[in-house]
Amino acid sequence: MTTVLLVRALGQARYVTHIALAHMIPPWFALVHPKTGTPINATLLITISSGLIAFFSSLGVLTSLLSVSTLFIFMMMAVALLVRRYYVTGVTPTINLLKLVIFLLIIVASSMGTSAYWGLNPNGWVGYAITVPLWFMGTAGIAVFLPQQRAPKVCGGGGGGGGGGGVLLVPWLPSISIAMNLFLMGSLGSDAFIRFGACTILMLVYYVFFGLHATYDMAHQQQKAESLKFDDGETGKTGP
């Protein structure tokens, strides 16, 4: 676990660099050291903040928070894979989009029910007789009633336009991933979810009131600069 935390701390500096490039935090943190080629300011930010958090927290608290956040991300990645494979903006009919949403809700709800029943009654089986068939019905509904909107591409096929990469057995493998990650999340204590919820709410508030406007302004400036460059190029072509 110590190695995982150390590697994640070093990797987070790259995320901070991209966040700073989007002006969600001061761009000063996106500066790259000219000699080492590393984001020195972002690395210092992550190192110092991680050290302070670790100094005032126990390893058990950090590992539980790391576990619930990692499992949540993996679960959302599986959901995103299904959405990407079965939905294309402007192409997928509204009725198919509605079916996809319903089937995904069934998969997620049944998986959460399985995890909750295991926590409340580990020796029981009646709850599983309800939640597991519901999960199967939701997954089978996607497989039978929804056509795939993007064709998968095998590894090494080139290009990034494939739906979900080269993942096979869709929607079964992503649906199993959703169920497993939610089941493992249910095995964690309530304190982990409280901390995770508090951190999530704090980041959402920061993004809504600051980050969203900063990224929009940055994107608008880039579009304006590209349009001016295009206009200058057209002027040069038509000039004497």
# chains A, B, ... in the order shown; residues from 1 in each chain; ligands from 1
call {"tool": "residues_around", "arguments": {"residues": "Leu65 (chain A)", "least_positions_apart": "2", "cutoff": "9 Å", "atoms": "only C-alpha atoms", "output": "list in words"}}
result
Gly60, Val61, Leu62, Thr63, Ser67, Val68, Ser69, Thr70, Asp191, Ala192, Phe193, Arg195 and Phe196 of chain A
call {"tool": "residues_around", "arguments": {"residues": "region 75-89 of chain A", "least_positions_apart": "3", "cutoff": "12 Å", "atoms": "only C-alpha atoms", "output": "PyMOL selection string"}}
result
chain A and resi 68-72+92-101+103-105+107-108+111-112+139+142-153+161-185
call {"tool": "residues_around", "arguments": {"residues": "Ser110 (chain A)", "least_positions_apart": "5", "cutoff": "7 Å", "atoms": "only C-alpha atoms", "output": "ChimeraX atom specification"}}
result
/A:131-132,134-135
call {"tool": "write_last_selection", "arguments": {"atoms": "C-alpha atoms", "output": "compact mmCIF listing (two decimals), in the first residue's frame"}}
result
# COMPACT_ATOMS: atom_id res chain seq x y z
CA THR A 131 -30.90 -8.89 -7.17
CA VAL A 132 -28.87 -11.33 -9.28
CA LEU A 134 -32.33 -8.29 -12.01
CA TRP A 135 -28.67 -7.73 -12.83
call {"tool": "closest_residue", "arguments": {"among": "A:Ile73, A:Ala13, A:Val126, A:Leu212", "to": "Thr47 (chain A)", "atoms": "only C-alpha atoms"}}
result
A:Ala13
call {"tool": "residues_around", "arguments": {"residues": "Ile46 (chain A)", "least_positions_apart": "6", "cutoff": "9 Å", "atoms": "only C-alpha atoms", "output": "PyMOL selection string"}}
result
chain A and resi 9-10+12-13+16
call {"tool": "write_last_selection", "arguments": {"atoms": "all heavy atoms", "output": "CSV table (one decimal), in the first residue's frame"}}
result
chain,number,residue,atom,x,y,z
A,9,ALA,N,1.0,9.4,-5.7
A,9,ALA,CA,1.4,10.8,-5.4
A,9,ALA,C,2.3,11.4,-6.5
A,9,ALA,O,2.1,12.6,-6.9
A,9,ALA,CB,2.2,10.8,-4.1
A,10,LEU,N,3.2,10.6,-7.1
A,10,LEU,CA,4.0,11.1,-8.2
A,10,LEU,C,3.2,11.3,-9.5
A,10,LEU,O,3.4,12.3,-10.2
A,10,LEU,CB,5.2,10.1,-8.5
A,10,LEU,CG,6.2,10.0,-7.3
A,10,LEU,CD1,7.2,8.9,-7.7
A,10,LEU,CD2,6.9,11.3,-7.1
A,12,GLN,N,0.0,12.0,-9.6
A,12,GLN,CA,-1.0,13.1,-9.5
A,12,GLN,C,-0.4,14.4,-10.0
A,12,GLN,O,-1.1,15.3,-10.4
A,12,GLN,CB,-1.4,13.2,-8.0
A,12,GLN,CG,-2.3,12.1,-7.5
A,12,GLN,CD,-3.6,12.1,-8.2
A,12,GLN,OE1,-4.1,13.1,-8.6
A,12,GLN,NE2,-4.2,10.9,-8.5
A,13,ALA,N,0.9,14.6,-9.9
A,13,ALA,CA,1.5,15.8,-10.4
A,13,ALA,C,1.2,16.1,-11.9
A,13,ALA,O,1.1,17.2,-12.3
A,13,ALA,CB,3.0,15.8,-10.2
A,16,VAL,N,-2.3,17.4,-12.0
A,16,VAL,CA,-2.3,18.8,-11.6
A,16,VAL,C,-1.8,19.7,-12.7
A,16,VAL,O,-2.3,20.9,-12.9
A,16,VAL,CB,-1.4,19.0,-10.3
A,16,VAL,CG1,-1.2,20.4,-9.9
A,16,VAL,CG2,-2.0,18.2,-9.1
call {"tool": "residues_around", "arguments": {"residues": "Pro39 (chain A)", "least_positions_apart": "3", "cutoff": "9 Å", "atoms": "only C-alpha atoms", "output": "mmCIF file with C-alpha atoms, in the first residue's frame"}}
result
data_model
loop_
_atom_site.group_PDB
_atom_site.id
_atom_site.type_symbol
_atom_site.label_atom_id
_atom_site.label_comp_id
_atom_site.auth_asym_id
_atom_site.auth_seq_id
_atom_site.Cartn_x
_atom_site.Cartn_y
_atom_site.Cartn_z
ATOM 1 C CA ALA A 13 1.537 15.822 -10.388
ATOM 2 C CA ARG A 14 0.788 15.193 -14.068
ATOM 3 C CA VAL A 16 -2.267 18.827 -11.552
ATOM 4 C CA THR A 17 -0.232 20.065 -14.526
ATOM 5 C CA PHE A 29 1.695 24.953 -11.222
ATOM 6 C CA ALA A 30 1.959 23.921 -14.891
ATOM 7 C CA LEU A 31 5.538 25.152 -15.227
ATOM 8 C CA VAL A 32 8.004 22.480 -16.313
ATOM 9 C CA HIS A 33 11.609 22.527 -15.097
ATOM 10 C CA THR A 36 14.710 17.863 -15.717
ATOM 11 C CA ALA A 42 2.967 20.511 -9.330
ATOM 12 C CA THR A 43 5.198 17.828 -7.800
ATOM 13 C CA LEU A 44 5.991 20.064 -4.839
#
call {"tool": "atom_distance", "arguments": {"atom1": "CA of Ile53 (chain A)", "atom2": "CA of Tyr15 (chain A)"}}
result
18.6 Å
call {"tool": "select_by_dssp", "arguments": {"residues": "chain A", "states": "alpha helix (DSSP H)", "output": "number ranges by chain"}}
result
A: 2-21, 40-56, 59-86, 94-120, 128-145, 172-186, 190-206, 212-238
